[in-house]
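Engineer: Next comes target-v1.txt, compact mmCIF, C-alpha atoms and all ligand atoms:
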```
# COMPACT_ATOMS: atom_id res chain seq x y z
CA MET R 1 30.03 28.04 -0.16
CA SER R 2 28.14 24.73 -0.01
CA ILE R 3 24.50 24.59 -1.15
CA GLU R 4 21.94 23.38 1.41
CA PRO R 5 19.24 21.06 0.02
CA PHE R 6 15.68 22.35 0.13
CA LEU R 7 14.04 18.91 0.22
CA ASN R 8 14.11 17.28 3.64
CA VAL R 9 11.81 14.52 4.87
CA ARG R 10 13.24 12.32 7.60
CA SER R 11 9.95 11.19 9.17
CA GLU R 12 6.21 10.84 8.62
CA ILE R 13 5.32 13.11 11.50
CA GLY R 14 7.85 15.96 11.81
CA LYS R 15 6.20 19.39 11.57
CA LEU R 16 5.22 19.90 7.95
CA LYS R 17 7.01 22.96 6.56
CA ALA R 18 6.49 22.75 2.78
CA VAL R 19 4.19 20.71 0.60
CA LEU R 20 3.33 20.25 -3.06
CA LEU R 21 -0.38 20.34 -3.92
CA HIS R 22 -2.46 20.52 -7.04
CA LYS R 23 -5.82 22.28 -6.98
CA PRO R 24 -8.25 20.27 -9.12
CA GLY R 25 -8.96 22.03 -12.41
CA ARG R 26 -10.50 21.51 -15.85
CA GLU R 27 -9.08 17.99 -16.08
CA LEU R 28 -11.93 16.93 -13.77
CA GLU R 29 -14.50 18.35 -16.17
CA ARG R 30 -13.25 15.94 -18.78
CA LEU R 31 -14.26 12.85 -16.83
CA THR R 32 -17.20 11.09 -18.44
CA PRO R 33 -18.87 7.85 -17.34
CA GLN R 34 -17.34 6.13 -20.35
CA TYR R 35 -13.74 6.71 -19.25
CA LEU R 36 -14.12 6.63 -15.46
CA HIS R 37 -12.59 3.21 -14.99
CA GLU R 38 -9.62 3.88 -17.27
CA LEU R 39 -9.01 7.19 -15.48
CA LEU R 40 -9.16 5.51 -12.03
CA PHE R 41 -12.33 7.21 -10.80
CA ASP R 42 -15.58 5.71 -9.49
CA ASP R 43 -17.67 8.83 -9.72
CA ILE R 44 -17.80 12.33 -11.20
CA PRO R 45 -16.98 15.08 -8.70
CA TRP R 46 -18.56 18.54 -8.76
CA LEU R 47 -15.58 20.70 -9.60
CA ARG R 48 -16.60 24.03 -8.04
CA LYS R 49 -17.25 22.44 -4.68
CA MET R 50 -14.13 20.34 -4.99
CA ARG R 51 -11.98 23.44 -5.53
CA GLU R 52 -13.53 25.11 -2.46
CA GLU R 53 -12.75 22.03 -0.38
CA HIS R 54 -9.21 21.97 -1.71
CA ASP R 55 -8.66 25.66 -0.89
CA LYS R 56 -9.74 25.00 2.69
CA PHE R 57 -7.32 22.07 2.88
CA ALA R 58 -4.48 24.35 1.70
CA ASP R 59 -5.56 27.03 4.23
CA VAL R 60 -5.42 24.55 7.10
CA LEU R 61 -1.86 23.66 6.14
CA ARG R 62 -0.83 27.32 5.86
CA GLN R 63 -2.41 28.16 9.21
CA ARG R 64 -0.20 25.48 10.72
CA GLY R 65 2.94 27.08 9.30
CA CYS R 66 3.34 25.06 6.11
CA GLU R 67 4.30 26.65 2.81
CA VAL R 68 2.10 25.46 -0.05
CA TYR R 69 3.54 25.06 -3.55
CA TYR R 70 1.29 24.32 -6.51
CA TYR R 71 2.27 21.90 -9.25
CA ASN R 72 0.88 24.09 -12.07
CA GLU R 73 2.79 27.16 -10.83
CA LEU R 74 6.11 25.30 -10.74
CA LEU R 75 5.31 23.98 -14.20
CA GLU R 76 4.54 27.47 -15.53
CA GLU R 77 7.84 28.70 -14.15
CA ILE R 78 9.95 26.08 -15.94
CA LEU R 79 8.02 26.70 -19.18
CA LYS R 80 9.54 30.21 -19.31
CA ASN R 81 12.67 28.52 -20.64
CA ASP R 82 12.06 27.99 -24.39
CA GLU R 83 14.23 24.90 -24.67
CA VAL R 84 12.46 23.26 -21.73
CA LYS R 85 9.08 24.21 -23.16
CA LYS R 86 9.84 22.65 -26.58
CA SER R 87 11.34 19.53 -25.10
CA LEU R 88 8.50 18.92 -22.64
CA ILE R 89 5.79 19.44 -25.26
CA SER R 90 7.57 17.03 -27.63
CA ASP R 91 7.93 14.42 -24.90
CA VAL R 92 4.27 14.72 -23.95
CA LEU R 93 3.10 14.44 -27.55
CA ASN R 94 5.36 11.43 -28.04
CA ILE R 95 3.45 9.45 -25.44
CA CYS R 96 0.02 10.52 -26.72
CA ASN R 97 -0.09 8.14 -29.70
CA ILE R 98 -1.38 10.76 -32.08
CA GLY R 99 -0.35 8.46 -34.90
CA ASN R 100 0.19 11.06 -37.60
CA GLU R 101 3.42 13.07 -37.63
CA ASN R 102 1.98 16.01 -39.58
CA LEU R 103 -0.88 16.40 -37.16
CA GLU R 104 1.50 16.04 -34.21
CA GLN R 105 3.60 18.87 -35.65
CA ILE R 106 0.53 21.10 -36.09
CA ILE R 107 -0.58 20.41 -32.51
CA LYS R 108 2.92 21.20 -31.27
CA GLU R 109 2.91 24.61 -33.03
CA PHE R 110 -0.59 25.30 -31.69
CA ILE R 111 0.57 24.67 -28.12
CA LEU R 112 3.86 26.53 -28.51
CA ASN R 113 1.96 29.68 -29.44
CA LYS R 114 0.13 29.75 -26.11
CA SER R 115 1.16 31.49 -22.89
CA GLU R 116 2.94 29.52 -20.16
CA ALA R 117 -0.24 29.37 -18.07
CA GLU R 118 -2.23 28.07 -21.03
CA ILE R 119 0.40 25.47 -21.88
CA ALA R 120 0.49 24.30 -18.26
CA GLU R 121 -3.26 23.92 -18.39
CA ILE R 122 -3.14 21.87 -21.60
CA LEU R 123 -0.41 19.63 -20.17
CA ILE R 124 -2.58 18.94 -17.10
CA ALA R 125 -6.17 19.19 -18.35
CA GLY R 126 -5.38 17.68 -21.73
CA LEU R 127 -6.34 18.78 -25.22
CA HIS R 128 -9.89 18.04 -26.29
CA LYS R 129 -10.40 17.77 -30.05
CA LYS R 130 -13.03 20.51 -29.74
CA ASP R 131 -10.45 22.91 -28.31
CA PHE R 132 -8.28 22.47 -31.36
CA PRO R 133 -9.11 24.62 -34.41
CA GLU R 134 -10.40 22.80 -37.49
CA ILE R 135 -7.67 22.91 -40.09
CA GLU R 136 -7.82 21.99 -43.75
CA ARG R 137 -5.99 18.72 -44.12
CA GLU R 138 -6.50 15.36 -45.70
CA LYS R 139 -7.63 12.78 -43.15
CA SER R 140 -5.31 9.88 -42.46
CA LEU R 141 -6.37 6.41 -41.36
CA ILE R 142 -5.87 7.18 -37.65
CA ASP R 143 -8.31 10.11 -37.90
CA TYR R 144 -11.03 7.65 -38.91
CA ILE R 145 -9.97 4.96 -36.45
CA LYS R 146 -9.90 7.38 -33.50
CA GLU R 147 -12.84 9.47 -34.66
CA GLU R 148 -14.88 8.71 -31.54
CA TYR R 149 -12.02 9.33 -29.12
CA PRO R 150 -12.37 12.86 -27.70
CA PHE R 151 -8.78 13.81 -26.84
CA TYR R 152 -5.47 14.48 -28.52
CA ILE R 153 -3.92 14.78 -25.06
CA ASN R 154 -5.66 12.94 -22.23
CA PRO R 155 -6.61 14.79 -19.03
CA LEU R 156 -4.80 14.07 -15.74
CA PRO R 157 -7.71 14.01 -13.24
CA ASN R 158 -5.64 12.18 -10.60
CA LEU R 159 -2.99 14.89 -10.37
CA TYR R 160 -4.52 16.35 -7.20
CA PHE R 161 -3.20 13.20 -5.51
CA THR R 162 0.30 14.68 -5.58
CA ARG R 163 1.46 12.00 -3.13
CA ASP R 164 1.73 9.37 -5.81
CA PRO R 165 3.92 10.62 -8.69
CA GLY R 166 6.79 11.58 -6.37
CA ALA R 167 8.12 11.15 -2.86
CA VAL R 168 10.84 12.88 -0.89
CA ILE R 169 13.04 10.68 1.26
CA GLY R 170 15.80 12.45 3.18
CA ASN R 171 17.19 15.10 0.83
CA GLY R 172 16.37 13.18 -2.34
CA LEU R 173 13.38 12.56 -4.57
CA LEU R 174 11.72 9.60 -6.23
CA VAL R 175 10.03 10.30 -9.53
CA ASN R 176 7.87 7.25 -9.63
CA SER R 177 7.12 4.76 -12.32
CA MET R 178 3.32 4.59 -12.30
CA LYS R 179 1.42 1.36 -12.66
CA THR R 180 -1.22 2.68 -15.04
CA PRO R 181 -0.88 4.79 -18.21
CA ALA R 182 -3.56 7.15 -16.81
CA ARG R 183 -0.94 8.64 -14.48
CA ASP R 184 2.27 8.41 -16.55
CA ARG R 185 2.39 12.03 -17.62
CA GLU R 186 2.17 13.23 -14.00
CA THR R 187 5.63 11.82 -13.41
CA MET R 188 7.09 13.00 -16.70
CA ILE R 189 6.17 16.58 -15.76
CA LEU R 190 7.46 16.17 -12.20
CA ARG R 191 10.77 14.93 -13.63
CA TYR R 192 11.06 18.16 -15.63
CA ILE R 193 10.24 20.22 -12.55
CA TYR R 194 12.96 18.42 -10.57
CA GLU R 195 15.42 18.92 -13.41
CA TYR R 196 14.72 22.58 -14.13
CA HIS R 197 13.05 24.26 -11.15
CA PRO R 198 15.59 25.91 -8.84
CA LEU R 199 13.47 25.04 -5.78
CA PHE R 200 14.50 21.40 -6.04
CA LYS R 201 18.27 22.12 -6.10
CA LYS R 202 18.89 18.87 -7.89
CA GLU R 203 22.67 19.18 -7.51
CA VAL R 204 22.28 18.42 -3.79
CA SER R 205 19.11 16.31 -3.98
CA PRO R 206 19.67 12.85 -5.47
CA LEU R 207 17.09 11.12 -7.64
CA TRP R 208 16.26 7.87 -5.83
CA TYR R 209 14.07 6.47 -8.59
CA ASP R 210 13.16 7.45 -12.14
CA TYR R 211 9.86 7.13 -13.96
CA THR R 212 11.53 5.39 -16.89
CA SER R 213 12.03 2.23 -14.80
CA PRO R 214 9.90 -0.74 -15.93
CA TYR R 215 9.13 -1.60 -12.27
CA SER R 216 6.23 0.37 -10.87
CA ILE R 217 6.28 2.21 -7.55
CA GLU R 218 3.83 4.90 -6.32
CA GLY R 219 4.20 7.42 -3.51
CA GLY R 220 1.13 6.28 -1.57
CA ASP R 221 3.15 3.18 -0.73
CA ILE R 222 6.11 5.04 0.74
CA LEU R 223 6.29 5.91 4.46
CA VAL R 224 9.35 7.52 6.00
CA LEU R 225 9.11 5.89 9.44
CA SER R 226 12.31 7.41 10.81
CA ASP R 227 15.65 8.74 9.63
CA GLU R 228 16.87 5.11 9.53
CA VAL R 229 13.79 3.14 8.42
CA ILE R 230 11.58 3.47 5.35
CA ALA R 231 8.44 1.37 4.82
CA VAL R 232 7.24 0.60 1.31
CA GLY R 233 3.95 -1.11 0.52
CA CYS R 234 4.12 -4.00 -1.92
CA SER R 235 0.70 -3.52 -3.44
CA GLU R 236 -1.50 -3.37 -6.51
CA ARG R 237 0.66 -0.43 -7.59
CA THR R 238 4.17 -1.06 -6.23
CA SER R 239 6.27 -4.00 -7.39
CA ALA R 240 8.70 -6.05 -5.32
CA ARG R 241 11.62 -5.31 -7.63
CA ALA R 242 11.05 -1.54 -7.42
CA ILE R 243 11.32 -1.80 -3.63
CA GLU R 244 14.65 -3.64 -3.92
CA ILE R 245 16.04 -1.10 -6.39
CA LEU R 246 14.94 1.80 -4.19
CA ALA R 247 16.39 0.14 -1.08
CA ASN R 248 19.76 -0.36 -2.74
CA ASN R 249 19.87 3.24 -3.95
CA LEU R 250 19.07 4.52 -0.48
CA PHE R 251 21.61 2.23 1.21
CA SER R 252 24.38 3.27 -1.15
CA LYS R 253 23.75 7.04 -1.22
CA ASP R 254 22.13 8.02 2.08
CA GLU R 255 24.33 7.29 5.04
CA LYS R 256 21.44 7.48 7.55
CA ILE R 257 19.06 4.90 6.03
CA LYS R 258 19.72 1.39 7.33
CA LYS R 259 16.53 -0.54 6.64
CA VAL R 260 13.54 -0.78 4.33
CA LEU R 261 10.45 -2.66 5.46
CA ALA R 262 8.48 -4.10 2.55
CA ILE R 263 4.88 -4.37 3.71
CA GLN R 264 2.80 -6.65 1.52
CA ILE R 265 -0.92 -5.88 1.34
CA PRO R 266 -3.58 -7.57 -0.84
CA PHE R 267 -3.31 -6.54 -4.50
CA THR R 268 -6.71 -4.95 -5.03
CA ARG R 269 -8.09 -1.55 -5.99
CA VAL R 270 -9.84 -0.88 -2.70
CA TYR R 271 -6.45 -0.89 -0.94
CA MET R 272 -4.46 0.39 -3.90
CA HIS R 273 -1.62 1.84 -1.75
CA LEU R 274 -0.34 1.16 1.75
CA ASP R 275 -1.52 4.60 2.89
CA THR R 276 -5.14 3.66 2.15
CA VAL R 277 -5.01 1.22 5.08
CA PHE R 278 -2.11 2.28 7.30
CA THR R 279 -0.52 5.60 8.30
CA MET R 280 1.79 6.86 11.04
CA ILE R 281 0.33 9.52 13.32
CA ASP R 282 2.72 9.90 16.27
CA TYR R 283 6.11 8.67 17.49
CA ASP R 284 4.65 5.32 18.49
CA LYS R 285 1.10 5.43 17.05
CA PHE R 286 -0.29 4.23 13.73
CA THR R 287 -3.79 3.96 12.40
CA ILE R 288 -4.78 0.81 10.57
CA TYR R 289 -7.83 -0.58 8.80
CA PRO R 290 -8.74 -3.67 10.89
CA GLY R 291 -9.90 -5.61 7.81
CA ILE R 292 -6.31 -5.87 6.67
CA GLU R 293 -4.35 -6.63 9.82
CA ASN R 294 -4.24 -10.41 9.33
CA LYS R 295 -3.45 -10.16 5.65
CA ILE R 296 -0.21 -8.22 5.97
CA LYS R 297 3.28 -9.69 5.57
CA VAL R 298 6.44 -7.79 6.44
CA PHE R 299 9.96 -8.28 5.05
CA GLU R 300 13.11 -6.53 6.21
CA LEU R 301 15.55 -5.34 3.53
CA THR R 302 19.11 -4.49 4.58
CA PRO R 303 22.32 -3.76 2.63
CA ASN R 304 23.86 -6.76 0.91
CA SER R 305 25.20 -6.92 -2.64
CA LYS R 306 25.35 -4.24 -5.28
CA ASP R 307 22.21 -5.50 -7.02
CA TYR R 308 20.05 -7.11 -4.36
CA PRO R 309 19.45 -6.22 -0.71
CA LYS R 310 19.29 -8.94 1.95
CA VAL R 311 15.68 -9.99 2.55
CA ARG R 312 14.36 -11.43 5.83
CA PRO R 313 10.71 -12.28 6.55
CA MET R 314 9.58 -10.64 9.79
CA GLY R 315 6.75 -11.35 12.26
CA THR R 316 3.56 -9.39 12.74
CA LEU R 317 3.32 -5.79 11.65
CA LYS R 318 3.25 -4.63 15.26
CA ASN R 319 6.38 -6.55 16.25
CA SER R 320 8.20 -5.59 13.06
CA LEU R 321 7.56 -1.89 13.69
CA LYS R 322 8.60 -2.17 17.30
CA GLU R 323 11.83 -3.92 16.36
CA ALA R 324 12.68 -1.70 13.39
CA LEU R 325 11.96 1.54 15.26
CA LYS R 326 13.57 0.26 18.48
CA LEU R 327 10.50 1.24 20.52
CA PRO R 328 9.39 -0.50 23.74
CA SER R 329 5.80 -0.57 22.49
CA ILE R 330 3.64 0.77 19.72
CA GLN R 331 -0.12 1.28 19.28
CA LEU R 332 -2.02 0.25 16.18
CA ILE R 333 -5.27 2.22 16.39
CA GLN R 334 -8.05 0.54 14.44
CA SER R 335 -10.09 2.75 12.13
CA GLY R 336 -13.88 2.72 12.43
CA GLY R 337 -13.46 2.07 16.14
CA GLY R 338 -12.63 -1.54 15.25
CA ASP R 339 -16.19 -2.25 14.02
CA ASP R 340 -16.04 -4.28 10.78
CA ILE R 341 -18.81 -2.54 8.92
CA THR R 342 -18.01 1.01 10.01
CA ALA R 343 -14.32 0.46 9.35
CA ALA R 344 -14.97 -0.86 5.82
CA ARG R 345 -17.32 2.05 5.01
CA GLU R 346 -14.94 4.66 6.37
CA GLN R 347 -11.89 3.04 4.75
CA TRP R 348 -13.65 3.46 1.37
CA ASN R 349 -13.78 7.16 2.26
CA ASP R 350 -10.12 7.28 3.27
CA SER R 351 -10.41 7.30 7.06
CA THR R 352 -6.95 5.73 7.42
CA ASN R 353 -5.39 8.13 4.92
CA THR R 354 -4.35 10.66 7.55
CA LEU R 355 -1.81 13.40 6.91
CA ALA R 356 0.37 14.05 9.96
CA ILE R 357 1.31 17.73 10.15
CA ALA R 358 3.18 17.39 13.47
CA PRO R 359 3.67 14.54 15.97
CA GLY R 360 0.17 13.53 17.13
CA VAL R 361 -1.61 16.04 14.86
CA VAL R 362 -3.38 14.82 11.71
CA VAL R 363 -5.61 16.20 8.96
CA THR R 364 -8.56 13.94 8.03
CA TYR R 365 -11.93 14.14 6.30
CA ASP R 366 -14.78 15.20 8.61
CA ARG R 367 -17.09 12.51 7.22
CA ASN R 368 -15.15 9.70 8.95
CA GLU R 369 -16.71 10.46 12.31
CA VAL R 370 -16.09 7.18 14.08
CA THR R 371 -12.43 6.94 13.11
CA ASN R 372 -11.82 10.59 14.00
CA ASN R 373 -13.35 10.11 17.45
CA THR R 374 -11.31 6.96 17.96
CA LEU R 375 -8.13 8.86 17.16
CA ARG R 376 -9.11 11.63 19.60
CA LYS R 377 -9.68 9.05 22.33
CA HIS R 378 -6.08 7.98 21.79
CA GLY R 379 -4.84 11.53 22.37
CA ILE R 380 -4.45 12.57 18.73
CA GLU R 381 -5.35 16.10 17.63
CA VAL R 382 -7.62 15.70 14.59
CA VAL R 383 -7.96 18.64 12.21
CA GLU R 384 -10.98 17.98 10.00
CA ILE R 385 -11.56 19.15 6.46
CA ALA R 386 -14.64 18.70 4.29
CA GLY R 387 -14.08 16.33 1.40
CA SER R 388 -17.40 15.18 0.00
CA GLU R 389 -16.24 15.94 -3.55
CA LEU R 390 -12.49 15.41 -3.09
CA VAL R 391 -13.06 11.89 -1.81
CA ARG R 392 -14.70 10.79 -5.05
CA GLY R 393 -11.28 10.28 -6.62
CA ARG R 394 -10.57 7.70 -3.84
CA GLY R 395 -7.95 9.53 -1.83
CA GLY R 396 -7.66 11.48 1.41
CA PRO R 397 -5.46 14.23 2.87
CA ARG R 398 -2.29 12.12 2.69
CA CYS R 399 -2.85 11.24 -0.96
CA MET R 400 -3.49 14.92 -1.75
CA SER R 401 -0.12 16.12 -0.44
CA MET R 402 3.52 15.57 -1.26
CA PRO R 403 5.65 16.74 1.68
CA LEU R 404 8.76 18.58 0.51
CA VAL R 405 10.10 19.67 3.89
CA ARG R 406 9.46 18.39 7.40
CA GLU R 407 11.23 19.52 10.56
CA ASN R 408 13.58 16.85 11.85
CA ILE R 409 12.36 15.21 15.06
N1 LIG A 501 -2.05 7.46 -2.18
C1 LIG A 501 -3.27 7.21 -2.64
O1 LIG A 501 -3.92 6.27 -2.21
N2 LIG A 501 -3.72 7.96 -3.66
C2 LIG A 501 -5.04 7.87 -4.17
C3 LIG A 501 -5.03 7.77 -5.65
C4 LIG A 501 -6.40 7.65 -6.23
C5 LIG A 501 -6.41 7.64 -7.74
N3 LIG A 501 -7.74 7.70 -8.25
C6 LIG A 501 -5.73 6.39 -8.26
O2 LIG A 501 -6.42 5.38 -8.43
O3 LIG A 501 -4.52 6.40 -8.50
```
Write out the structure in this file as structure tokens.
Structural biologist:
Amino acid sequence: MSIEPFLNVRSEIGKLKAVLLHKPGRELERLTPQYLHELLFDDIPWLRKMREEHDKFADVLRQRGCEVYYYNELLEEILKNDEVKKSLISDVLNICNIGNENLEQIIKEFILNKSEAEIAEILIAGLHKKDFPEIEREKSLIDYIKEEYPFYINPLPNLYFTRDPGAVIGNGLLVNSMKTPARDRETMILRYIYEYHPLFKKEVSPLWYDYTSPYSIEGGDILVLSDEVIAVGCSERTSARAIEILANNLFSKDEKIKKVLAIQIPFTRVYMHLDTVFTMIDYDKFTIYPGIENKIKVFELTPNSKDYPKVRPMGTLKNSLKEALKLPSIQLIQSGGGDDITAAREQWNDSTNTLAIAPGVVVTYDRNEVTNNTLRKHGIEVVEIAGSELVRGRGGPRCMSMPLVRENI
């Protein structure tokens, strides 16, 4: 009997059937003004409120018939296997630069003695020095050098943006290579989940990209435009070479995918990923931040040699989409109603970061009133969620979700 893959994403807009989320936890309570920049935050969210907002987001998805999986629960499940538990803890400690093998060994034993739920929490929220029992030992040089630094294991406050560490295309998965060290461990853990959690059925779900690659790529840049065309932002976070490697893997192992559009956007934090300025919301409708429209370049990648795809510069974004999707016309709906100032303010609060849950139906933050009304005027059903605290990490509903299964359209 042949095994059917669980993962299936052949579009941006097919009815969302299963999604991976992470409810913000203690890792957010470890953000301090001193480390905000390094941890990719601009502000400190209020965790209790943030968790309430996140629960409502998950409820909206469930009410629309989508199954919600949580990252920490999948992690807890794979930690039940002792070998997996030991190996993951060792790998995590290896990248933490503890700098003293004896101490690393003591920390490892300390973690191994915890329950699966506690270990999952440490792997996500980090290990603060204060949460580690004082033990009698002679200090080594690194203890003095890093005396001021509060963590043995850093927190992962960006994990609730599950969009970025991974992405499903077709029946396969990318485990991304993140641009910044602040998010590296997110992908290491996802790689273990793919490898050991039965939900992912890795034997029938290829790995399109691995986090060990030196070329960075993040999920916020990846849009599955159709079963034949994938768009990938070339951005502050995603490198040109990663796009070529991904394209070649898709062309050689997925018989449906014929084309990758590389969409170059300015390399700057405010538009860190393509989905912060551009998302697909219906068969022929997209929303776009008007401040970026003239700064975009599009390149078509098609199969060529074993190592490099064929690259062809294309025209405007609108014409490239029309041509690639073989549509008679498409609409680019400007966020902020096309007004420069409103659009810039609402883009900062992720107005263009819509999550399509069915063709023409999107989840957005309620605070982006002008953009939401503009979408409605264009016939889109807008399902609003509150996100005053969630938004402080600089991501919207699309960033906070990793679709695992969408209905084919
Ligand atoms: N796809 C997205 O745009 N994700 C938002 C990620 C925000 C996070 N603070 C980061 O800088 O990586």
Engineer: Under the rule that all atoms listed in the file are counted, which of R:Gly126, R:Gly336, R:Gly379, R:Gly220 is the nearest residue to ligand LIG 501 (chain A)?
Structural biologist: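 Among the listed residues, R:Gly220 lies closest to ligand LIG 501 (chain A).
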Engineer: Enter the distance from atom CA of Leu174 of chain R to atom CA of Met1 of chain R, in Å, rounded to one decimal.
Structural biologist: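 Taking atom CA of Leu174 of chain R and atom CA of Met1 of chain R, their separation equals 26.7 Å.
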Engineer: So which residues are near ligand LIG 501 (chain A), meaning at most 8 Å away with only C-alpha atoms and all ligand atoms counted, given back as an NGL selection string?
Structural biologist: :R and (39-41 or 158 or 161 or 163-164 or 183 or 218-221 or 269 or 271-276 or 353 or 393-396 or 398-400)
Engineer: Closest to Arg10 of chain R among R:Gln34, R:Asn171, R:Ser329, R:Ser216, using only C-alpha atoms?
Structural biologist: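 Nearest candidate to Arg10 of chain R out of R:Gln34, R:Asn171, R:Ser329, R:Ser216: R:Asn171.
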Engineer: Name the residues within 9 Å of (13.2, 8.7, 16.2), counting only C-alpha atoms in the file's coordinates, and put them as an MDAnalysis selection string.
Structural biologist: chainID R and resid 11 225:228 283 325:326 409
Engineer: Nearest residue to Met314 of chain R out of R:Ile135, R:Ala167, R:Leu74, R:Leu261, using only C-alpha atoms?
Structural biologist: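 Looking at the shortest contact to Met314 of chain R, the residue is R:Leu261.
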Engineer: Do you have the atom CA of Leu321 of chain R-atom CA of Pro403 of chain R distance handy?
Structural biologist: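 We find that atom CA of Leu321 of chain R and atom CA of Pro403 of chain R lie 22.2 Å from each other.
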